[in-house]
$ cat protein.cif   # mmCIF, C-alpha atoms and all ligand atoms
data_work
#
loop_
_atom_site.label_atom_id
_atom_site.label_comp_id
_atom_site.auth_asym_id
_atom_site.auth_seq_id
_atom_site.Cartn_x
_atom_site.Cartn_y
_atom_site.Cartn_z
CA MET A 263 139.51 148.95 110.97
CA ALA A 264 139.65 145.46 112.53
CA LEU A 265 140.52 142.50 110.33
CA ILE A 266 139.37 139.05 111.38
CA LEU A 267 140.43 135.81 109.71
CA GLY A 268 137.52 133.36 109.84
CA ILE A 269 137.92 129.57 109.55
CA GLU A 270 135.06 127.10 109.06
CA THR A 271 135.35 123.30 108.89
CA SER A 272 132.22 122.11 110.72
CA CYS A 273 130.83 119.96 107.93
CA ASP A 274 131.57 119.57 104.22
CA GLU A 275 133.01 122.96 103.25
CA THR A 276 136.58 124.00 103.99
CA ALA A 277 136.41 127.78 104.22
CA ALA A 278 138.51 130.81 105.16
CA ALA A 279 137.72 134.50 104.86
CA VAL A 280 139.00 137.91 105.87
CA VAL A 281 136.32 140.37 106.99
CA ALA A 282 136.75 144.01 108.05
CA ASP A 283 134.77 145.28 111.05
CA GLY A 284 132.40 142.33 110.85
CA ARG A 285 130.72 143.72 107.77
CA ARG A 286 133.00 144.11 104.74
CA ILE A 287 134.28 140.99 102.97
CA LEU A 288 137.88 141.26 101.76
CA SER A 289 138.04 137.60 100.76
CA ASN A 290 135.79 134.58 101.10
CA ILE A 291 137.18 131.23 99.92
CA VAL A 292 135.07 128.06 100.06
CA ALA A 293 136.36 124.65 98.95
CA SER A 294 133.30 122.45 98.68
CA GLN A 295 133.50 118.70 99.24
CA ILE A 296 130.18 118.01 97.51
CA ASP A 297 131.73 115.92 94.75
CA LEU A 298 133.55 113.79 97.30
CA HIS A 299 130.43 113.01 99.35
CA ARG A 300 127.98 112.62 96.45
CA GLN A 301 128.99 108.99 95.94
CA TYR A 302 127.87 108.24 99.53
CA GLY A 303 124.55 110.09 99.21
CA GLY A 304 125.45 112.37 102.13
CA VAL A 305 128.34 113.63 104.22
CA PHE A 306 130.81 110.88 105.25
CA PRO A 307 132.28 112.34 108.49
CA GLU A 308 135.75 110.82 108.42
CA MET A 309 136.27 111.68 104.76
CA ALA A 310 135.18 115.23 105.55
CA ALA A 311 137.80 115.57 108.31
CA ARG A 312 140.58 114.16 106.13
CA GLN A 313 139.67 116.44 103.26
CA HIS A 314 139.76 119.49 105.57
CA ILE A 315 143.34 118.52 106.49
CA PHE A 316 144.36 118.56 102.81
CA THR A 317 142.52 121.74 101.91
CA LEU A 318 142.60 124.08 104.90
CA LEU A 319 146.08 125.61 104.65
CA PRO A 320 145.87 126.43 100.92
CA VAL A 321 142.41 127.90 101.51
CA VAL A 322 143.70 130.12 104.34
CA GLN A 323 146.66 131.19 102.20
CA GLU A 324 144.33 132.09 99.35
CA ALA A 325 142.04 134.05 101.67
CA LEU A 326 144.96 136.13 102.96
CA GLU A 327 146.35 136.72 99.47
CA GLU A 328 143.02 137.74 98.01
CA ALA A 329 142.44 140.13 100.92
CA GLY A 330 145.94 141.58 100.41
CA ALA A 331 146.52 140.94 104.12
CA GLY A 332 149.55 139.57 105.92
CA TRP A 333 149.49 137.89 109.35
CA ASN A 334 150.52 141.19 110.96
CA ASP A 335 147.44 142.94 109.58
CA LEU A 336 145.08 140.59 111.41
CA ASP A 337 143.44 141.47 114.74
CA ALA A 338 142.07 138.02 115.61
CA ILE A 339 141.39 134.51 114.29
CA ALA A 340 137.81 133.26 114.58
CA VAL A 341 137.06 129.58 114.17
CA THR A 342 133.92 127.44 114.34
CA SER A 343 134.10 125.28 117.49
CA GLY A 344 130.61 123.70 117.18
CA PRO A 345 128.03 122.50 116.42
CA GLY A 346 129.12 120.13 113.67
CA LEU A 347 131.05 116.92 113.04
CA ALA A 348 133.61 116.58 115.84
CA GLY A 349 136.44 115.31 113.63
CA ALA A 350 135.83 118.02 111.05
CA LEU A 351 135.66 120.77 113.68
CA LEU A 352 138.92 119.59 115.25
CA VAL A 353 140.84 120.24 112.05
CA GLY A 354 139.80 123.91 111.93
CA VAL A 355 140.12 124.51 115.66
CA ASN A 356 143.59 122.96 115.91
CA ALA A 357 144.84 124.81 112.86
CA ALA A 358 143.46 128.09 114.23
CA LYS A 359 145.12 127.47 117.60
CA GLY A 360 148.48 126.92 115.91
CA MET A 361 148.11 130.09 113.86
CA ALA A 362 146.95 132.17 116.83
CA TRP A 363 149.75 130.90 119.08
CA SER A 364 152.53 131.28 116.56
CA ARG A 365 151.43 134.77 115.48
CA GLY A 366 150.42 136.00 118.94
CA LEU A 367 146.85 136.67 117.83
CA PRO A 368 143.65 136.35 119.90
CA LEU A 369 141.69 133.16 119.19
CA VAL A 370 137.89 133.43 119.10
CA GLY A 371 135.77 130.26 119.15
CA VAL A 372 132.53 130.85 117.28
CA ASN A 373 129.25 128.97 117.40
CA HIS A 374 128.40 127.96 113.81
CA LEU A 375 124.78 129.08 114.32
CA GLU A 376 125.95 132.49 115.51
CA GLY A 377 127.92 132.61 112.27
CA HIS A 378 124.74 132.03 110.28
CA VAL A 379 123.00 134.76 112.30
CA TYR A 380 125.78 137.29 111.55
CA SER A 381 125.71 136.54 107.82
CA ASN A 382 122.89 139.10 107.94
CA TRP A 383 125.20 141.78 109.32
CA ILE A 384 127.57 141.58 106.34
CA GLU A 385 126.96 144.59 104.14
CA VAL A 386 126.17 143.12 100.74
CA GLU A 387 123.12 143.42 98.53
CA GLY A 388 121.45 146.06 100.67
CA ASN A 389 121.91 144.26 104.01
CA ARG A 390 122.99 146.58 106.81
CA ALA A 391 125.05 146.16 109.95
CA ASP A 392 123.31 148.96 111.86
CA LYS A 393 120.19 147.06 112.84
CA THR A 394 117.86 148.17 115.62
CA PHE A 395 117.18 145.49 118.21
CA PRO A 396 115.10 143.45 118.85
CA VAL A 397 115.57 141.48 115.65
CA LEU A 398 113.82 138.20 114.93
CA VAL A 399 116.08 135.56 113.41
CA LEU A 400 114.97 132.38 111.66
CA ILE A 401 117.85 129.89 111.39
CA VAL A 402 117.12 127.18 108.84
CA SER A 403 120.01 124.85 108.10
CA GLY A 404 120.73 121.17 107.62
CA GLY A 405 120.75 120.49 111.35
CA HIS A 406 118.73 123.36 112.86
CA THR A 407 115.43 125.18 112.58
CA GLU A 408 115.19 127.84 115.28
CA LEU A 409 113.34 131.07 115.93
CA ILE A 410 115.48 133.42 117.96
CA VAL A 411 114.87 136.92 119.24
CA MET A 412 118.04 138.94 119.47
CA ARG A 413 117.94 141.83 121.92
CA GLY A 414 121.54 142.94 121.42
CA HIS A 415 124.81 141.62 120.00
CA GLY A 416 125.33 138.10 121.30
CA ARG A 417 122.04 138.21 123.27
CA TYR A 418 119.82 135.39 122.09
CA GLU A 419 116.50 134.12 123.38
CA ARG A 420 115.07 131.02 121.76
CA LEU A 421 111.36 131.25 121.00
CA GLY A 422 111.04 127.85 119.38
CA ALA A 423 112.75 125.14 117.36
CA THR A 424 111.98 121.99 115.47
CA ILE A 425 110.79 119.13 117.63
CA ASP A 426 112.02 116.55 115.10
CA ASP A 427 113.69 117.09 111.69
CA ALA A 428 115.36 120.34 110.68
CA ALA A 429 114.00 122.01 107.54
CA GLY A 430 117.20 121.26 105.58
CA GLU A 431 117.13 117.65 106.76
CA ALA A 432 113.56 117.36 105.44
CA PHE A 433 114.71 118.71 102.05
CA ASP A 434 117.59 116.20 102.02
CA LYS A 435 115.37 113.23 102.97
CA VAL A 436 112.66 114.13 100.46
CA SER A 437 115.33 114.53 97.80
CA ARG A 438 116.46 110.98 98.49
CA LEU A 439 112.86 109.68 98.37
CA LEU A 440 112.40 111.33 94.99
CA GLY A 441 115.70 110.00 93.66
CA LEU A 442 117.12 113.51 93.31
CA GLY A 443 120.34 112.90 95.23
CA TYR A 444 122.65 115.03 97.37
CA PRO A 445 122.72 117.87 98.23
CA GLY A 446 118.95 117.72 98.56
CA GLY A 447 117.82 121.34 98.94
CA PRO A 448 118.99 122.70 95.59
CA ALA A 449 117.83 119.48 93.82
CA VAL A 450 114.32 119.71 95.28
CA GLN A 451 114.18 123.41 94.42
CA ARG A 452 115.13 122.67 90.80
CA ALA A 453 112.55 119.87 90.49
CA ALA A 454 109.90 122.07 92.14
CA ALA A 455 110.37 124.76 89.52
CA GLY A 456 108.66 122.52 86.99
CA GLY A 457 105.72 121.48 89.20
CA SER A 458 102.51 122.83 90.68
CA THR A 459 102.46 123.63 94.40
CA SER A 460 98.94 122.18 94.62
CA ALA A 461 99.69 118.94 92.72
CA PHE A 462 99.56 116.91 95.95
CA ALA A 463 97.81 117.72 99.22
CA LEU A 464 100.51 117.58 101.91
CA PRO A 465 100.08 118.42 105.61
CA ARG A 466 101.40 121.45 107.50
CA ALA A 467 102.21 121.05 111.20
CA TRP A 468 101.16 124.35 112.74
CA LEU A 469 101.76 123.41 116.41
CA PRO A 470 99.46 126.28 117.46
CA GLY A 471 100.39 128.43 120.41
CA THR A 472 104.10 127.67 120.00
CA SER A 473 106.99 128.87 117.86
CA ASP A 474 108.06 125.26 117.36
CA PHE A 475 108.19 123.37 114.08
CA SER A 476 107.77 119.77 112.99
CA PHE A 477 108.68 118.34 109.60
CA SER A 478 108.73 114.61 110.16
CA GLY A 479 104.98 114.18 109.48
CA LEU A 480 105.41 116.00 106.19
CA LYS A 481 108.34 113.75 105.28
CA THR A 482 106.24 110.66 106.05
CA ALA A 483 103.36 112.08 103.97
CA VAL A 484 105.78 112.45 101.04
CA LEU A 485 106.88 108.82 101.51
CA ARG A 486 103.23 107.64 101.50
CA THR A 487 102.50 109.71 98.39
CA VAL A 488 105.50 108.21 96.58
CA GLN A 489 104.41 104.69 97.54
CA GLN A 490 100.83 105.38 96.41
CA VAL A 491 101.95 106.75 93.06
CA GLU A 492 104.30 103.80 92.56
CA ARG A 493 101.45 101.37 93.16
CA SER A 494 99.11 103.14 90.77
CA GLN A 495 101.63 103.76 87.97
CA ASP A 496 101.36 101.48 84.97
CA GLU A 497 104.31 100.05 83.11
CA THR A 498 104.29 102.77 80.44
CA ASP A 499 104.70 105.52 83.04
CA ARG A 500 107.46 103.67 84.77
CA ARG A 501 109.56 103.66 81.66
CA LEU A 502 109.70 107.47 81.46
CA THR A 503 111.21 107.58 84.79
CA SER A 504 113.50 109.35 87.19
CA SER A 505 115.88 107.25 89.24
CA ALA A 506 113.21 106.88 91.96
CA GLY A 507 111.01 105.08 89.42
CA LEU A 508 108.56 107.98 89.21
CA ALA A 509 107.45 109.94 86.16
CA GLU A 510 109.19 113.30 85.98
CA ASP A 511 106.05 115.39 86.34
CA THR A 512 105.13 113.41 89.46
CA VAL A 513 108.54 114.19 90.93
CA SER A 514 108.19 117.90 90.21
CA GLY A 515 104.62 117.96 91.58
CA ILE A 516 105.68 116.32 94.83
CA ALA A 517 108.77 118.54 95.10
CA ALA A 518 106.72 121.72 94.55
CA SER A 519 103.97 120.66 96.98
CA PHE A 520 106.53 119.69 99.63
CA GLN A 521 108.52 122.91 99.25
CA GLN A 522 105.34 124.98 99.52
CA ALA A 523 104.29 123.16 102.71
CA VAL A 524 107.68 123.93 104.32
CA VAL A 525 107.66 127.55 103.17
CA ASP A 526 104.07 128.20 104.34
CA VAL A 527 104.84 127.10 107.89
CA LEU A 528 108.25 128.79 108.13
CA VAL A 529 106.93 132.12 106.87
CA ALA A 530 103.68 132.21 108.88
CA LYS A 531 105.31 131.26 112.17
CA THR A 532 108.27 133.61 111.70
CA VAL A 533 106.06 136.60 110.91
CA GLN A 534 103.78 135.80 113.85
CA ALA A 535 106.72 135.55 116.27
CA ALA A 536 108.33 138.75 114.94
CA LEU A 537 105.14 140.73 115.49
CA ALA A 538 104.64 139.21 118.95
CA VAL A 539 108.08 140.34 120.19
CA GLY A 540 107.95 143.75 118.50
CA ALA A 541 110.92 143.02 116.22
CA THR A 542 112.10 145.77 113.89
CA GLU A 543 113.08 143.29 111.20
CA ILE A 544 113.23 139.62 110.25
CA CYS A 545 116.57 138.00 109.41
CA VAL A 546 116.61 134.61 107.69
CA CYS A 547 119.81 132.55 107.55
CA GLY A 548 121.29 129.06 107.07
CA GLY A 549 121.46 126.83 104.02
CA VAL A 550 117.68 126.69 103.50
CA ALA A 551 117.62 130.51 103.33
CA ALA A 552 119.09 129.95 99.85
CA ASN A 553 115.69 128.57 98.83
CA VAL A 554 114.15 130.99 96.35
CA ALA A 555 110.53 130.15 97.24
CA LEU A 556 111.25 130.82 100.93
CA ARG A 557 113.06 134.10 100.21
CA GLU A 558 110.26 135.36 97.99
CA ALA A 559 107.41 134.28 100.29
CA MET A 560 109.08 135.82 103.35
CA ARG A 561 109.56 139.12 101.55
CA GLN A 562 106.01 139.11 100.19
CA ARG A 563 104.17 138.07 103.33
CA SER A 564 106.10 139.96 106.02
CA PRO A 565 104.87 143.42 107.04
CA LEU A 566 108.38 144.00 108.51
CA PRO A 567 111.62 144.49 106.57
CA VAL A 568 113.25 141.16 105.70
CA SER A 569 116.99 140.60 105.47
CA VAL A 570 118.30 137.47 103.74
CA PRO A 571 121.97 137.09 102.84
CA PRO A 572 122.98 136.55 99.22
CA LEU A 573 123.09 132.86 98.29
CA PHE A 574 126.85 132.49 98.82
CA LEU A 575 126.47 133.59 102.45
CA CYS A 576 123.49 131.29 103.17
CA THR A 577 125.34 128.02 102.82
CA ASP A 578 128.41 127.37 104.97
CA ASN A 579 131.22 129.91 104.59
CA ALA A 580 133.89 131.54 106.75
CA ALA A 581 132.91 135.18 106.17
CA MET A 582 129.99 134.66 108.54
CA ILE A 583 132.34 133.12 111.12
CA ALA A 584 134.67 136.12 110.86
CA ALA A 585 131.67 138.48 111.21
CA ALA A 586 130.34 136.71 114.32
CA GLY A 587 133.91 136.49 115.65
CA TYR A 588 134.31 140.26 115.30
CA TYR A 589 131.37 141.01 117.64
CA ARG A 590 132.48 138.31 120.09
CA TRP A 591 136.07 139.64 120.08
CA GLN A 592 134.82 143.21 120.61
CA SER A 593 132.92 142.14 123.69
CA GLY A 594 136.01 140.43 125.12
CA GLY A 595 134.96 136.90 124.19
CA VAL A 596 138.47 135.59 123.53
CA SER A 597 139.10 131.83 123.83
CA GLN A 598 142.11 130.15 125.37
CA LEU A 599 144.32 127.53 123.73
CA ASP A 600 142.35 124.78 125.48
CA LEU A 601 139.32 125.65 123.32
CA ASP A 602 137.51 122.37 122.65
CA VAL A 603 135.06 121.38 119.94
CA VAL A 604 131.46 120.68 120.96
CA ALA A 605 129.53 118.67 118.37
CA ASN A 606 126.11 119.65 119.75
CA LEU A 607 126.95 123.18 120.92
CA ALA A 608 123.74 125.17 121.43
CA LEU A 609 123.28 128.86 120.66
CA VAL A 610 121.09 129.42 123.74
O1 LIG A 701 123.83 125.91 106.62
P1 LIG A 701 124.17 124.76 105.76
O2 LIG A 701 125.03 124.99 104.54
O3 LIG A 701 124.87 123.65 106.62
C1 LIG A 701 124.47 123.42 107.93
O4 LIG A 701 124.89 124.18 108.82
O5 LIG A 701 123.64 122.48 108.11
O6 LIG A 701 122.80 124.09 105.34
C2 LIG A 701 122.76 122.96 104.54
C3 LIG A 701 121.30 122.63 104.29
C4 LIG A 701 121.13 121.29 103.58
O7 LIG A 701 120.14 120.55 104.25
C5 LIG A 701 120.70 121.71 102.18
O8 LIG A 701 119.88 120.74 101.55
C6 LIG A 701 119.93 122.99 102.47
O9 LIG A 701 120.71 123.63 103.46
N1 LIG A 701 119.82 123.85 101.28
C7 LIG A 701 118.65 124.16 100.72
C8 LIG A 701 118.96 124.93 99.55
N2 LIG A 701 120.32 125.07 99.48
C9 LIG A 701 120.82 124.39 100.56
N3 LIG A 701 117.39 123.85 101.04
C10 LIG A 701 116.41 124.29 100.25
N4 LIG A 701 116.62 125.01 99.12
C11 LIG A 701 117.88 125.36 98.74
N5 LIG A 701 118.07 126.08 97.62
ZN ZN A 702 125.63 125.86 108.41
#
$ encode --input "protein.cif" --output "structure tokens"
Amino acid sequence: MALILGIETSCDETAAAVVADGRRILSNIVASQIDLHRQYGGVFPEMAARQHIFTLLPVVQEALEEAGAGWNDLDAIAVTSGPGLAGALLVGVNAAKGMAWSRGLPLVGVNHLEGHVYSNWIEVEGNRADKTFPVLVLIVSGGHTELIVMRGHGRYERLGATIDDAAGEAFDKVSRLLGLGYPGGPAVQRAAAGGSTSAFALPRAWLPGTSDFSFSGLKTAVLRTVQQVERSQDETDRRLTSSAGLAEDTVSGIAASFQQAVVDVLVAKTVQAALAVGATEICVCGGVAANVALREAMRQRSPLPVSVPPLFLCTDNAAMIAAAGYYRWQSGGVSQLDLDVVANLALV
């Protein structure tokens, strides 16, 4: 059994985890900074880095204790080296280097997106590590929307990606437009639960003949809809309002219509790409994979088996970094102590 300590500090979660053989979680600690950043309406990069400095060591200590593991039980330390906020990444990478050097352990730099991919290899809630390649992976996070075909461990081929906003970014921007705050995805999902998906006619960018996505037109359509409603609302409506100055049922109608537009495109294009490459299964990952409408639609509309991690493994965590690190370490992908952070590190 190989034990990997995973460390993740790429954005606004300070996380550490111990994972056995890339598939069994022994501990998974996440200290969220959401409350800290809420007052700014989004992630404040320097605050994020400083907070990681305060939180990381206690989080690592807790991860080891909960796993019942000492430093000598570990086989390697995996750490996110990009993509993400450079200052935030540096905290995790430098801490991991110190730990690896002082304990004589291999250091494994992990691409955050590869971490999201391997969240589907962790054996929880029916997800299995013994997948048959090729596997089609949809990564949908705050910064990325990518369709990847995986033909083996660590072998990625990009079929398409967003040409403008990422899906999570669209959720976050629409949340702001609707006065729902940060973090946007869960807030939009909650508002959408009370609305009709056909309340407002919103566009879907199909970009035919490609596996690319575009969400900026949809975001602009939401902005226009909000402006139109604001103009047509009378004073009485305005008084029953949300913080955006819209009636609550308008907010839920827009949220539901927007969410449906995103889900329709993500599901249709993923299924189409999976069939085209002869994938044996579809894996969905990244923060937006926590979206219930997306999870349900993918499962309903895909003729292939669909794997989606449980919610706690969709948003940023270190178990996924330890899992990805395990496969990288097994294939000899050990980093040196000059490992640098790369804010815009690509998966392929
Ligand atoms: O993967 P993640 O935690 O961080 C990045 O690597 O970017 O993804 C964060 C993104 C945010 O844009 C957030 O609004 C979105 O995931 N998100 C959701 C939901 N939960 C988180 N989007 C839609 N529905 C959700 N339930
Ligand atoms: Zn992420």
$ closest_atom_pairs --input "protein.cif" --of "chain A" --to "ligand LIG 701 (chain A)" --cutoff "9 Å" --atoms "only C-alpha atoms and all ligand atoms" --output "CSV"
residue,atom,partner,partner_atom,distance
A:Ser272,CA,A:LIG701,O4,7.9
A:Cys273,CA,A:LIG701,O3,7.1
A:Asp274,CA,A:LIG701,O3,8.2
A:Glu275,CA,A:LIG701,O2,8.3
A:Pro345,CA,A:LIG701,O4,8.4
A:Gly346,CA,A:LIG701,O4,7.6
A:His374,CA,A:LIG701,O4,7.2
A:Leu375,CA,A:LIG701,O4,7.4
A:His378,CA,A:LIG701,O1,7.2
A:Ile401,CA,A:LIG701,O1,8.6
A:Val402,CA,A:LIG701,O1,7.2
A:Ser403,CA,A:LIG701,O6,4.0
A:Gly404,CA,A:LIG701,O5,3.2
A:Gly405,CA,A:LIG701,O5,4.8
A:His406,CA,A:LIG701,O5,6.9
A:Ala428,CA,A:LIG701,O7,8.0
A:Ala429,CA,A:LIG701,O7,7.1
A:Gly430,CA,A:LIG701,O7,3.3
A:Glu431,CA,A:LIG701,O7,4.9
A:Ala432,CA,A:LIG701,O7,7.4
A:Phe433,CA,A:LIG701,O8,5.6
A:Asp434,CA,A:LIG701,O8,5.1
A:Lys435,CA,A:LIG701,O7,8.8
A:Ser437,CA,A:LIG701,O8,8.6
A:Tyr444,CA,A:LIG701,O8,7.6
A:Pro445,CA,A:LIG701,O8,5.2
A:Gly446,CA,A:LIG701,O8,4.4
A:Gly447,CA,A:LIG701,N3,3.3
A:Pro448,CA,A:LIG701,N5,4.0
A:Ala449,CA,A:LIG701,N5,7.6
A:Val450,CA,A:LIG701,N4,6.9
A:Gln451,CA,A:LIG701,N4,5.5
A:Arg452,CA,A:LIG701,N5,8.2
A:Gln521,CA,A:LIG701,C10,8.1
A:Cys547,CA,A:LIG701,O1,7.8
A:Gly548,CA,A:LIG701,O1,4.1
A:Gly549,CA,A:LIG701,O6,3.3
A:Val550,CA,A:LIG701,N3,3.8
A:Ala551,CA,A:LIG701,C8,6.9
A:Ala552,CA,A:LIG701,N5,4.6
A:Asn553,CA,A:LIG701,N5,3.7
A:Val554,CA,A:LIG701,N5,6.4
A:Ala555,CA,A:LIG701,N4,8.2
A:Leu556,CA,A:LIG701,N4,8.1
A:Leu573,CA,A:LIG701,N2,8.4
A:Leu575,CA,A:LIG701,O2,9.0
A:Cys576,CA,A:LIG701,O1,6.4
A:Thr577,CA,A:LIG701,O2,3.5
A:Asp578,CA,A:LIG701,O2,4.2
A:Asn579,CA,A:LIG701,O2,7.9
$ atom_distance --input "protein.cif" --atom1 "atom CA of Ala509 of chain A" --atom2 "atom CA of Val524 of chain A"
22.9 Å
$ closest_residue --input "protein.cif" --among "A:Val525, A:Ala580, A:Val610, A:Leu298" --to "ligand ZN 702 (chain A)" --atoms "all atoms listed in the file"
A:Ala580
$ closest_residue --input "protein.cif" --among "A:Ala608, A:Ala331, A:Leu409, A:Val353" --to "Ala311 of chain A" --atoms "all atoms listed in the file"
A:Val353
$ atom_distance --input "protein.cif" --atom1 "atom CA of Leu351 of chain A" --atom2 "atom CA of Leu288 of chain A"
23.8 Å
$ closest_residue --input "protein.cif" --among "A:Val596, A:Val399, A:Ala293, A:Ile315" --to "Ser381 of chain A" --atoms "all atoms listed in the file"
A:Val399
$ closest_residue --input "protein.cif" --among "A:Gln323, A:Thr407, A:Thr542, A:Ser564" --to "ligand ZN 702 (chain A)" --atoms "only C-alpha atoms and all ligand atoms"
A:Thr407
$ closest_residue --input "protein.cif" --among "A:Ala483, A:Ala518, A:Ala282, A:Leu318" --to "Leu352 of chain A" --atoms "only C-alpha atoms"
A:Leu318
